[in-house]
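One file, data12.txt, is given below (compact mmCIF, C-alpha atoms and all ligand atoms).
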```
# COMPACT_ATOMS: atom_id res chain seq x y z
CA MET A 1 -1.71 31.38 -8.30
CA ARG A 2 -1.09 28.74 -10.97
CA ALA A 3 -3.00 25.49 -10.95
CA VAL A 4 -3.82 22.62 -13.27
CA VAL A 5 -7.42 23.02 -14.41
CA VAL A 6 -9.66 20.46 -16.13
CA GLU A 7 -12.36 22.14 -18.24
CA ARG A 8 -13.79 18.86 -19.66
CA HIS A 9 -13.31 15.17 -18.95
CA GLY A 10 -11.04 13.27 -21.31
CA GLY A 11 -7.47 12.14 -21.96
CA PRO A 12 -4.28 13.56 -20.43
CA GLU A 13 -4.47 16.53 -22.85
CA VAL A 14 -7.32 18.07 -20.81
CA LEU A 15 -4.84 18.89 -18.02
CA ALA A 16 -3.81 22.54 -18.59
CA VAL A 17 -2.18 25.14 -16.35
CA ALA A 18 -4.21 28.31 -15.70
CA GLU A 19 -4.21 31.30 -13.35
CA ARG A 20 -6.76 31.02 -10.52
CA ALA A 21 -7.74 33.43 -7.75
CA ASP A 22 -5.55 33.01 -4.66
CA PRO A 23 -7.41 30.77 -2.19
CA LYS A 24 -8.08 31.89 1.40
CA ALA A 25 -8.19 29.91 4.64
CA GLY A 26 -11.67 29.96 6.22
CA PRO A 27 -12.54 28.85 9.75
CA GLY A 28 -10.95 25.49 10.57
CA GLN A 29 -8.73 25.64 7.49
CA LEU A 30 -5.05 26.10 6.58
CA LEU A 31 -3.67 27.79 3.48
CA VAL A 32 -0.60 25.86 2.32
CA ASP A 33 2.17 26.56 -0.20
CA VAL A 34 2.37 23.22 -2.01
CA VAL A 35 5.91 21.80 -2.27
CA ALA A 36 4.85 18.48 -3.85
CA ALA A 37 1.52 17.06 -5.02
CA GLY A 38 1.06 13.32 -5.45
CA VAL A 39 -0.17 11.82 -8.73
CA ASN A 40 -2.52 8.88 -8.25
CA PHE A 41 -4.52 6.47 -10.37
CA MET A 42 -7.67 7.95 -8.86
CA ASP A 43 -6.75 11.26 -10.54
CA ILE A 44 -6.89 9.47 -13.91
CA TYR A 45 -10.32 7.95 -13.20
CA GLN A 46 -11.57 11.39 -12.13
CA ARG A 47 -10.10 13.08 -15.22
CA GLU A 48 -11.81 10.49 -17.46
CA GLY A 49 -15.11 11.18 -15.69
CA ARG A 50 -15.46 7.58 -14.42
CA PRO A 51 -18.07 7.14 -11.70
CA PRO A 52 -17.85 7.30 -8.72
CA TYR A 53 -14.67 9.42 -9.00
CA ALA A 54 -15.93 12.02 -11.50
CA SER A 55 -16.51 15.56 -10.28
CA GLY A 56 -18.10 18.52 -12.03
CA VAL A 57 -15.98 20.64 -14.38
CA PRO A 58 -14.04 22.85 -14.22
CA TYR A 59 -11.98 21.51 -11.33
CA VAL A 60 -8.39 21.42 -10.08
CA PRO A 61 -7.25 17.78 -9.81
CA GLY A 62 -5.08 16.17 -7.17
CA ALA A 63 -5.95 15.11 -3.64
CA GLU A 64 -2.58 14.62 -1.98
CA GLY A 65 0.48 16.67 -1.15
CA ALA A 66 2.75 18.34 1.34
CA GLY A 67 3.91 21.90 1.98
CA SER A 68 4.21 24.80 4.44
CA VAL A 69 1.38 26.61 6.21
CA VAL A 70 1.18 30.27 5.07
CA ALA A 71 -2.16 31.25 6.68
CA VAL A 72 -4.19 29.82 9.55
CA GLY A 73 -7.97 30.21 9.64
CA ALA A 74 -10.05 31.06 12.71
CA GLU A 75 -10.66 28.28 15.26
CA VAL A 76 -7.49 26.34 14.29
CA THR A 77 -5.47 25.48 17.39
CA GLU A 78 -3.37 22.51 16.24
CA PHE A 79 -1.22 24.27 13.59
CA ALA A 80 0.74 27.53 13.22
CA LEU A 81 2.38 29.57 10.44
CA GLY A 82 5.38 27.81 8.94
CA ASP A 83 4.35 24.29 10.04
CA ARG A 84 5.18 21.50 7.61
CA VAL A 85 2.06 19.49 6.82
CA ALA A 86 0.86 16.73 4.50
CA TRP A 87 -2.60 15.56 3.45
CA THR A 88 -4.67 13.21 1.36
CA GLY A 89 -8.32 13.44 0.34
CA VAL A 90 -8.10 17.22 -0.17
CA PRO A 91 -9.27 18.31 -3.64
CA GLY A 92 -7.34 20.85 -5.70
CA SER A 93 -3.80 19.79 -4.81
CA TYR A 94 -2.28 20.17 -8.34
CA ALA A 95 -1.68 23.85 -7.56
CA GLU A 96 0.78 26.32 -6.05
CA GLN A 97 -1.54 26.75 -3.06
CA VAL A 98 -4.35 24.70 -1.56
CA VAL A 99 -6.77 25.08 1.34
CA VAL A 100 -6.50 22.09 3.70
CA PRO A 101 -9.06 21.43 6.46
CA ALA A 102 -6.98 21.42 9.67
CA ASP A 103 -8.58 18.15 10.76
CA ARG A 104 -7.25 16.45 7.58
CA ALA A 105 -3.68 17.84 7.89
CA VAL A 106 -0.92 15.81 9.51
CA PRO A 107 2.29 17.29 10.88
CA VAL A 108 5.47 16.22 9.08
CA PRO A 109 8.30 15.63 11.56
CA ASP A 110 11.87 16.92 11.14
CA GLY A 111 13.90 14.32 9.34
CA VAL A 112 11.20 13.56 6.76
CA GLU A 113 11.44 15.52 3.49
CA LEU A 114 8.19 17.10 2.28
CA GLU A 115 8.56 15.24 -1.04
CA ALA A 116 8.72 11.91 0.82
CA ALA A 117 5.73 12.91 2.96
CA ALA A 118 3.68 13.83 -0.13
CA ALA A 119 4.68 10.51 -1.70
CA VAL A 120 3.24 8.33 1.06
CA MET A 121 0.04 10.03 2.16
CA LEU A 122 -2.23 8.08 -0.18
CA GLN A 123 -0.21 5.04 -1.28
CA GLY A 124 1.67 4.60 2.01
CA MET A 125 -1.41 4.86 4.19
CA THR A 126 -3.15 2.51 1.80
CA ALA A 127 -0.33 -0.02 2.11
CA HIS A 128 -0.52 0.43 5.90
CA TYR A 129 -4.26 -0.25 6.27
CA LEU A 130 -4.18 -3.14 3.78
CA CYS A 131 -1.63 -5.19 5.72
CA HIS A 132 -2.46 -3.99 9.27
CA SER A 133 -6.24 -3.64 9.26
CA THR A 134 -7.96 -5.22 6.22
CA TYR A 135 -6.01 -8.45 6.52
CA PRO A 136 -3.34 -8.15 9.26
CA VAL A 137 -0.41 -10.15 7.89
CA ALA A 138 1.03 -12.71 10.33
CA ALA A 139 4.62 -13.96 10.35
CA GLY A 140 5.05 -16.73 7.78
CA ASP A 141 1.96 -15.83 5.72
CA ALA A 142 2.38 -16.22 1.97
CA VAL A 143 1.26 -12.87 0.52
CA VAL A 144 0.73 -11.90 -3.13
CA VAL A 145 1.42 -8.24 -3.92
CA HIS A 146 0.33 -7.37 -7.46
CA ALA A 147 2.11 -4.53 -9.31
CA ALA A 148 4.86 -4.82 -6.70
CA ALA A 149 7.01 -2.11 -8.34
CA GLY A 150 4.15 0.40 -8.34
CA GLY A 151 3.42 3.16 -5.86
CA VAL A 152 1.36 1.07 -3.42
CA GLY A 153 3.24 -2.12 -4.36
CA LEU A 154 6.75 -1.07 -3.31
CA LEU A 155 5.51 0.27 0.03
CA LEU A 156 3.22 -2.69 0.70
CA THR A 157 6.04 -5.15 -0.06
CA GLN A 158 8.26 -3.46 2.53
CA MET A 159 5.50 -3.40 5.17
CA VAL A 160 4.59 -7.05 4.64
CA LYS A 161 8.26 -7.91 5.15
CA ILE A 162 8.31 -5.86 8.40
CA ARG A 163 5.37 -8.05 9.56
CA GLY A 164 7.21 -11.26 8.65
CA GLY A 165 5.22 -12.27 5.56
CA VAL A 166 6.62 -14.06 2.52
CA VAL A 167 6.02 -11.87 -0.55
CA VAL A 168 5.25 -13.12 -4.04
CA GLY A 169 5.25 -9.93 -6.12
CA THR A 170 4.06 -9.53 -9.70
CA THR A 171 5.56 -7.12 -12.25
CA SER A 172 5.59 -6.77 -16.04
CA THR A 173 9.28 -6.12 -16.76
CA ALA A 174 12.72 -7.27 -15.59
CA GLU A 175 13.53 -3.74 -14.37
CA LYS A 176 10.37 -3.66 -12.25
CA ALA A 177 11.14 -7.17 -10.97
CA GLY A 178 14.54 -5.91 -9.77
CA LEU A 179 12.90 -3.02 -7.89
CA ALA A 180 10.39 -5.37 -6.24
CA ARG A 181 13.25 -7.62 -5.08
CA GLN A 182 15.13 -4.60 -3.70
CA ALA A 183 11.99 -3.73 -1.71
CA GLY A 184 12.13 -7.21 -0.17
CA ALA A 185 9.94 -9.41 -2.38
CA ASP A 186 11.01 -13.02 -1.78
CA HIS A 187 9.73 -14.17 -5.18
CA VAL A 188 8.80 -12.18 -8.27
CA ALA A 189 6.49 -13.60 -10.92
CA GLY A 190 4.70 -12.47 -14.06
CA TYR A 191 0.92 -12.02 -14.19
CA GLY A 192 0.61 -15.32 -16.06
CA ASP A 193 2.52 -17.53 -13.63
CA PHE A 194 2.16 -16.12 -10.12
CA GLY A 195 -0.34 -18.85 -9.20
CA ARG A 196 2.22 -21.55 -9.96
CA VAL A 197 4.88 -19.69 -7.94
CA VAL A 198 2.48 -19.44 -4.96
CA ARG A 199 1.76 -23.17 -5.12
CA ASP A 200 5.53 -23.96 -5.27
CA VAL A 201 6.32 -21.67 -2.34
CA THR A 202 3.46 -22.97 -0.16
CA ASP A 203 3.72 -26.69 -1.05
CA GLY A 204 0.36 -26.40 -2.77
CA ALA A 205 -1.46 -24.77 0.17
CA GLY A 206 -2.06 -21.34 -1.42
CA ALA A 207 -1.63 -17.73 -0.30
CA ALA A 208 -3.11 -16.34 2.91
CA VAL A 209 -3.94 -13.08 1.14
CA VAL A 210 -3.73 -11.47 -2.29
CA TYR A 211 -3.53 -7.66 -2.42
CA ASP A 212 -4.89 -6.90 -5.87
CA GLY A 213 -4.91 -3.34 -7.26
CA VAL A 214 -4.80 -4.55 -10.88
CA GLY A 215 -8.39 -5.83 -10.98
CA ARG A 216 -9.91 -7.28 -14.11
CA ALA A 217 -6.75 -8.89 -15.54
CA THR A 218 -5.76 -10.67 -12.30
CA PHE A 219 -8.96 -11.25 -10.31
CA ASP A 220 -9.71 -14.85 -11.32
CA ASP A 221 -6.13 -16.07 -10.91
CA SER A 222 -5.92 -14.20 -7.61
CA LEU A 223 -8.95 -16.13 -6.30
CA ASP A 224 -7.46 -19.41 -7.53
CA SER A 225 -4.16 -18.79 -5.73
CA LEU A 226 -5.69 -18.53 -2.23
CA ARG A 227 -5.61 -21.13 0.54
CA PRO A 228 -8.95 -22.15 2.10
CA ARG A 229 -10.33 -19.19 4.08
CA GLY A 230 -7.85 -16.89 2.32
CA TYR A 231 -8.50 -13.18 1.65
CA LEU A 232 -8.74 -11.49 -1.73
CA VAL A 233 -8.31 -7.80 -1.02
CA LEU A 234 -9.32 -6.03 -4.22
CA TYR A 235 -8.22 -2.44 -3.71
CA GLY A 236 -7.98 -1.11 -7.27
CA ALA A 237 -8.61 -1.59 -10.95
CA ALA A 238 -5.51 -0.51 -12.89
CA SER A 239 -6.44 -2.96 -15.69
CA GLY A 240 -10.18 -2.22 -15.50
CA PRO A 241 -13.10 -3.00 -13.17
CA VAL A 242 -13.90 -6.58 -12.15
CA PRO A 243 -17.23 -7.94 -13.48
CA PRO A 244 -19.95 -8.98 -10.99
CA LEU A 245 -19.00 -11.99 -8.85
CA GLU A 246 -21.18 -15.06 -8.23
CA LEU A 247 -20.82 -15.42 -4.44
CA GLN A 248 -21.22 -19.20 -4.52
CA ARG A 249 -17.76 -19.32 -6.14
CA LEU A 250 -16.27 -18.31 -2.79
CA ALA A 251 -17.67 -21.41 -1.08
CA ALA A 252 -16.48 -23.78 -3.78
CA ALA A 253 -12.99 -22.25 -3.82
CA GLY A 254 -12.46 -22.68 -0.06
CA SER A 255 -14.76 -20.40 1.97
CA LEU A 256 -12.83 -17.38 0.71
CA PHE A 257 -13.21 -13.74 1.72
CA VAL A 258 -13.38 -10.92 -0.82
CA THR A 259 -13.34 -7.27 0.21
CA ARG A 260 -13.17 -4.01 -1.74
CA PRO A 261 -11.70 -1.50 0.71
CA THR A 262 -10.99 2.18 0.21
CA LEU A 263 -8.65 4.46 2.16
CA GLY A 264 -11.29 6.96 3.30
CA HIS A 265 -12.92 4.39 5.59
CA TYR A 266 -9.59 3.53 7.22
CA ILE A 267 -8.57 7.13 8.08
CA ALA A 268 -12.00 8.55 8.83
CA ARG A 269 -11.20 9.12 12.52
CA ARG A 270 -8.48 11.68 13.28
CA ASP A 271 -6.64 9.31 15.61
CA GLU A 272 -6.49 6.70 12.83
CA LEU A 273 -5.23 9.25 10.29
CA LEU A 274 -2.54 10.49 12.68
CA GLY A 275 -1.60 6.99 13.85
CA ARG A 276 -1.03 5.66 10.32
CA ALA A 277 0.88 8.81 9.28
CA ARG A 278 3.05 8.62 12.43
CA ALA A 279 3.89 4.98 11.77
CA LEU A 280 4.92 5.78 8.19
CA PHE A 281 7.00 8.82 9.12
CA THR A 282 8.77 6.88 11.88
CA TRP A 283 9.74 4.09 9.45
CA ILE A 284 10.88 6.64 6.83
CA GLY A 285 12.88 8.66 9.39
CA ARG A 286 14.62 5.48 10.61
CA GLY A 287 15.24 4.21 7.08
CA ASP A 288 13.10 1.10 7.66
CA VAL A 289 10.89 2.03 4.70
CA ASN A 290 12.40 3.45 1.53
CA VAL A 291 10.29 5.87 -0.53
CA HIS A 292 10.97 5.41 -4.23
CA ILE A 293 10.08 8.54 -6.20
CA GLY A 294 9.97 7.33 -9.78
CA GLY A 295 9.37 10.71 -11.45
CA THR A 296 8.91 14.42 -10.74
CA TYR A 297 7.20 16.85 -13.10
CA PRO A 298 6.46 20.60 -13.17
CA LEU A 299 2.74 21.52 -13.07
CA ALA A 300 2.84 22.16 -16.82
CA ASP A 301 3.74 18.49 -17.40
CA ALA A 302 0.81 17.00 -15.47
CA ALA A 303 -0.46 15.48 -18.75
CA ARG A 304 2.84 13.63 -19.24
CA ALA A 305 2.67 12.33 -15.65
CA HIS A 306 -0.85 10.95 -16.24
CA ASP A 307 0.16 9.44 -19.57
CA ASP A 308 3.20 7.72 -18.02
CA LEU A 309 1.19 6.33 -15.08
CA GLY A 310 -1.71 5.07 -17.21
CA ALA A 311 0.67 3.44 -19.72
CA ARG A 312 2.48 1.49 -16.93
CA ARG A 313 5.81 3.20 -17.69
CA THR A 314 6.36 4.24 -14.07
CA THR A 315 7.74 2.80 -10.86
CA GLY A 316 7.05 3.98 -7.32
CA LYS A 317 5.59 7.45 -6.82
CA LEU A 318 5.07 10.34 -9.25
CA LEU A 319 5.07 13.89 -7.90
CA LEU A 320 4.18 17.30 -9.35
CA LEU A 321 6.47 20.07 -8.06
CA PRO A 322 4.54 23.34 -8.48
CA ARG A 323 7.46 25.68 -7.62
N1 LIG B 401 -8.58 1.33 -2.44
C1 LIG B 401 -7.68 2.21 -2.05
O1 LIG B 401 -7.73 2.68 -0.90
C2 LIG B 401 -6.61 2.63 -3.01
C3 LIG B 401 -5.64 3.56 -2.62
C4 LIG B 401 -4.60 3.84 -3.49
C5 LIG B 401 -4.54 3.24 -4.75
N2 LIG B 401 -5.54 2.38 -5.11
C6 LIG B 401 -5.50 1.68 -6.40
O2 LIG B 401 -4.35 0.87 -6.39
C7 LIG B 401 -3.91 0.66 -7.72
C8 LIG B 401 -2.44 0.99 -7.78
O3 LIG B 401 -2.29 2.39 -7.59
P1 LIG B 401 -0.87 3.08 -7.68
O4 LIG B 401 -1.13 4.54 -7.64
O5 LIG B 401 0.05 2.49 -6.70
O6 LIG B 401 -0.44 2.72 -9.17
P2 LIG B 401 0.85 1.90 -9.63
O7 LIG B 401 0.80 0.55 -9.00
O8 LIG B 401 2.05 2.75 -9.45
O9 LIG B 401 0.58 1.78 -11.18
C9 LIG B 401 -0.26 0.77 -11.65
C10 LIG B 401 0.55 -0.47 -12.01
O10 LIG B 401 -0.37 -1.52 -12.24
C11 LIG B 401 0.19 -2.43 -13.14
N3 LIG B 401 -0.76 -2.79 -14.17
C12 LIG B 401 -1.13 -4.05 -14.49
N4 LIG B 401 -1.99 -4.06 -15.50
C13 LIG B 401 -2.16 -2.78 -15.87
C14 LIG B 401 -2.93 -2.14 -16.89
N5 LIG B 401 -3.68 -2.85 -17.75
N6 LIG B 401 -2.86 -0.79 -17.01
C15 LIG B 401 -2.12 -0.07 -16.18
N7 LIG B 401 -1.37 -0.62 -15.17
C16 LIG B 401 -1.39 -1.96 -15.03
C17 LIG B 401 1.44 -1.76 -13.73
O11 LIG B 401 2.59 -2.38 -13.17
P3 LIG B 401 3.31 -3.53 -14.03
O12 LIG B 401 3.76 -2.84 -15.30
O13 LIG B 401 4.39 -4.05 -13.18
O14 LIG B 401 2.23 -4.53 -14.30
C18 LIG B 401 1.32 -0.32 -13.30
O15 LIG B 401 2.58 0.30 -13.16
C19 LIG B 401 -4.80 1.53 -8.61
O16 LIG B 401 -5.82 0.73 -9.12
C20 LIG B 401 -5.38 2.53 -7.63
O17 LIG B 401 -6.61 3.05 -8.04
C21 LIG B 401 -6.56 2.07 -4.27
```
Take the structure I supplied and represent it as structure tokens, if you would.
Amino acid sequence: MRAVVVERHGGPEVLAVAERADPKAGPGQLLVDVVAAGVNFMDIYQREGRPPYASGVPYVPGAEGAGSVVAVGAEVTEFALGDRVAWTGVPGSYAEQVVVPADRAVPVPDGVELEAAAAVMLQGMTAHYLCHSTYPVAAGDAVVVHAAAGGVGLLLTQMVKIRGGVVVGTTSTAEKAGLARQAGADHVAGYGDFGRVVRDVTDGAGAAVVYDGVGRATFDDSLDSLRPRGYLVLYGAASGPVPPLELQRLAAAGSLFVTRPTLGHYIARRDELLGRARALFTWIGRGDVNVHIGGTYPLADAARAHDDLGARRTTGKLLLLPR
């Protein structure tokens, strides 16, 4: 089978297609023909060799996708040949075939395209846990969503609106601002003036929560935009990692909360994984949540996909289509 293989850490150019031995499903595993593999920021950090994401070389990147089961390993009772499944947190997904542990696979219902399923396994479940579990948004809450036209951002904006929040989204271009508004953002600001917009919208009170996947460039202004006892949910570092934080700042700024969550801890139990996936697929099937696929690429163009994502040229989700 063909797969993208990384022989050494580095820039997008280290992503190259190569022939690999066909994988086999062992006990408790599924062999899946990949229809779509998701491209994520984490894949860039891993390719660059940034701790804690780096893995040994050579490796096949990608951790997310969807496809059809073509072989079922011993001891698997939940899935059968031909089932449509999706996954996240499974290494080696930039490939024509991947082995998926059955306890990490989720069934994709009729009425949800496999491309859409692949597009929401990481970013959609992230958006779900951020606004349902990390800080459960309440009706009327003022909520900042940074990079609101991005993969997580567009989905998170829609989910916060479902929960009745008031979204102040940030974007870097007019085109991205338009997409954020289409997703339901009540106000769209730039990275330099979102704090002022939050104060205007809340009569000076501040936001209940800031969902910040941008990191270094936004962190300080994010903290400053919160109401007393507000939550800064730092879930990523698209602009670079945030320097160490003096905790006393949180007291002075209003007894604030800061958390640095990661998806793995919010889908560790199978019932949680299935519950979040079911919620997403139900919204998608009903048309309550729109999945914006901003770009699709053949395996051979994985480098271009990484370059586009890292250079902030993309909106919504990027997918590799191996076949
Ligand atoms: N903790 C978790 O569980 C978890 C899960 C998924 C993703 N993440 C993180 O969430 C963040 C967003 O991921 P995503 O896949 O949805 O990406 P994305 O939002 O589609 O892309 C990143 C966006 O960030 C904005 N950005 C601002 N400053 C940037 C900079 N200096 N360089 C690059 N981009 C910049 C850009 O939007 P504008 O051009 O509009 O500014 C860019 O399009 C990433 O940091 C990712 O690692 C965390």
field: Near-Thr157 (chain A) list (10 Å; all atoms listed in the file; drop same-chain fewer than 4 positions) as an MDAnalysis selection string
entry: chainID A and resid 127 131 143:146 148:149 152:153 161:162 165:169 180:186 289
- request: Find the residues near Arg196 (chain A): any atom within 12 Å, counting all atoms listed in the file, skip ones fewer than 4 places away on the same chain, and give them as a ChimeraX atom specification.
  value: /A:144,168,187-192,200-207,221-222,224-226
message: When you count all atoms listed in the file, which of these residues is closest to ligand LIG 401 (chain B): A:Gly295, A:Pro243, A:Gly215, A:Gly140?
response: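 Answer, going by the shortest atom-to-atom distance: A:Gly215.
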From A:Gly285, A:Pro298, A:Gly236, A:Pro107, residue lying nearest ligand LIG 401 (chain B) [all atoms listed in the file]: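 Looking at the shortest contact to ligand LIG 401 (chain B), the residue is A:Gly236.
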message: 8 Å from ligand LIG 401 (chain B) is the threshold here; counting all atoms listed in the file, which polymer residues fall inside it? Answer as a PyMOL selection string.
response: chain A and resi 39-42+122-123+126-127+146-153+170-173+176-177+191+212-215+217+234-240+260-264+309-317
task: Within 9 Å of Gly230 (chain A), counting only C-alpha atoms, which residues show up once you throw out same-chain ones fewer than 3 positions away? Write them as a list in words, please.
output: Gly206, Ala207, Ala208, Val209, Val210, Leu223, Leu226, Arg227, Gly254, Ser255, Leu256, Phe257 and Val258 of chain A
Print the selection's residues with C-alpha atoms to a file, as a PDB file, in the frame of the given file.
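The result, written out as out.pdb:
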```pdb
ATOM      1  CA  GLY A 206      -2.060 -21.340  -1.420  1.00  0.00           C
ATOM      2  CA  ALA A 207      -1.630 -17.730  -0.300  1.00  0.00           C
ATOM      3  CA  ALA A 208      -3.110 -16.340   2.910  1.00  0.00           C
ATOM      4  CA  VAL A 209      -3.940 -13.080   1.140  1.00  0.00           C
ATOM      5  CA  VAL A 210      -3.730 -11.470  -2.290  1.00  0.00           C
ATOM      6  CA  LEU A 223      -8.950 -16.130  -6.300  1.00  0.00           C
ATOM      7  CA  LEU A 226      -5.690 -18.530  -2.230  1.00  0.00           C
ATOM      8  CA  ARG A 227      -5.610 -21.130   0.540  1.00  0.00           C
ATOM      9  CA  GLY A 254     -12.460 -22.680  -0.060  1.00  0.00           C
ATOM     10  CA  SER A 255     -14.760 -20.400   1.970  1.00  0.00           C
ATOM     11  CA  LEU A 256     -12.830 -17.380   0.710  1.00  0.00           C
ATOM     12  CA  PHE A 257     -13.210 -13.740   1.720  1.00  0.00           C
ATOM     13  CA  VAL A 258     -13.380 -10.920  -0.820  1.00  0.00           C
TER      14      VAL A 258
END
```
Per residue of region 211-308 of chain A within 9 Å of region 9-29 of chain A, note the shortest atom pair and the distance in Å to one decimal, counting all atoms listed in the file, and order the rows by chain and increasing residue number, as CSV.
```
residue,atom,partner,partner_atom,distance
A:Leu299,CA,A:Val17,CA,6.9
A:Ala300,CA,A:Val17,CA,5.9
A:Asp301,CA,A:Leu15,CA,8.6
A:Ala302,CA,A:Leu15,CA,6.5
A:Ala303,CA,A:Pro12,CA,4.6
A:Arg304,CA,A:Pro12,CA,7.2
A:Ala305,CA,A:Pro12,CA,8.5
A:His306,CA,A:Pro12,CA,6.0
A:Asp307,CA,A:Pro12,CA,6.1
```
task: Mind listing whatever residues come within 10 Å of the point (14.0, 21.5, -9.0)? Use all atoms listed in the file, file coordinates, and give them as a VMD selection string.
output: chain A and resid 296 to 298 321 to 323
I need the chosen residues saved as a PDB file, in the coordinates of the input, with C-alpha atoms.
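This went into selection04.pdb:
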```
ATOM      1  CA  THR A 296       8.910  14.420 -10.740  1.00  0.00           C
ATOM      2  CA  TYR A 297       7.200  16.850 -13.100  1.00  0.00           C
ATOM      3  CA  PRO A 298       6.460  20.600 -13.170  1.00  0.00           C
ATOM      4  CA  LEU A 321       6.470  20.070  -8.060  1.00  0.00           C
ATOM      5  CA  PRO A 322       4.540  23.340  -8.480  1.00  0.00           C
ATOM      6  CA  ARG A 323       7.460  25.680  -7.620  1.00  0.00           C
TER       7      ARG A 323
END
```
task: Please measure the separation of CA of Tyr211 (chain A) and CA of Leu130 (chain A), giving the value in Å to one decimal.
output: 7.7 Å
If we count all atoms listed in the file, what is near Glu78 (chain A) at a cut-off of 10 Å, once residues fewer than 6 positions away on the same chain are taken out, given as an mmCIF file with C-alpha atoms, in the coordinates of the input?
```
data_model
loop_
_atom_site.group_PDB
_atom_site.id
_atom_site.type_symbol
_atom_site.label_atom_id
_atom_site.label_comp_id
_atom_site.auth_asym_id
_atom_site.auth_seq_id
_atom_site.Cartn_x
_atom_site.Cartn_y
_atom_site.Cartn_z
ATOM 1 C CA GLY A 28 -10.950 25.490 10.570
ATOM 2 C CA VAL A 72 -4.190 29.820 9.550
ATOM 3 C CA ALA A 102 -6.980 21.420 9.670
ATOM 4 C CA ASP A 103 -8.580 18.150 10.760
ATOM 5 C CA ALA A 105 -3.680 17.840 7.890
ATOM 6 C CA VAL A 106 -0.920 15.810 9.510
ATOM 7 C CA PRO A 107 2.290 17.290 10.880
#
```
statement: Here CA of Pro228 (chain A) and CA of His132 (chain A) stand apart by 20.6 Å
task: Give the answer as one residue: which of A:Gly73, A:Gly111, A:Gly124, A:Gly56 has the shortest atom-to-atom distance to Val99 (chain A), using all atoms listed in the file?
output: A:Gly73
Top pick for closest residue to Leu179 (chain A), considering A:Ile44, A:Ala86, A:Val291, A:Val57 and counting all atoms listed in the file: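 Closest residue, counting all atoms listed in the file: A:Val291.
In this model, the gap between CA of Glu246 (chain A) and CA of Thr259 (chain A) comes to 13.9 Å.
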message: What's around Val108 (chain A) at 9 Å? Count all atoms listed in the file, leave out sequence neighbours fewer than 3 positions away in its own chain, and write the answer as a list in words.
response: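 Counting all atoms listed in the file, the residues come to Ala66, Asp83, Arg84, Val85, Ala86, Gly111, Val112, Glu113, Leu114, Ala117, Ala277, Arg278 and Phe281 of chain A.
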message: For a quick check of understanding, using only C-alpha atoms, which of A:Val69, A:Val4, A:Ile284, A:Leu274 has the smallest distance to Thr88 (chain A)?
response: A:Leu274
Any chance you could work out the axis-aligned box around region 201-209 of chain A, listed atoms only, 6 Å on each side, giving centre and edge lengths in Å to one decimal, as lines of an AutoDock Vina configuration file?
```
center_x = 1.2
center_y = -19.9
center_z = 0.1
size_x = 22.3
size_y = 25.6
size_z = 17.7
```
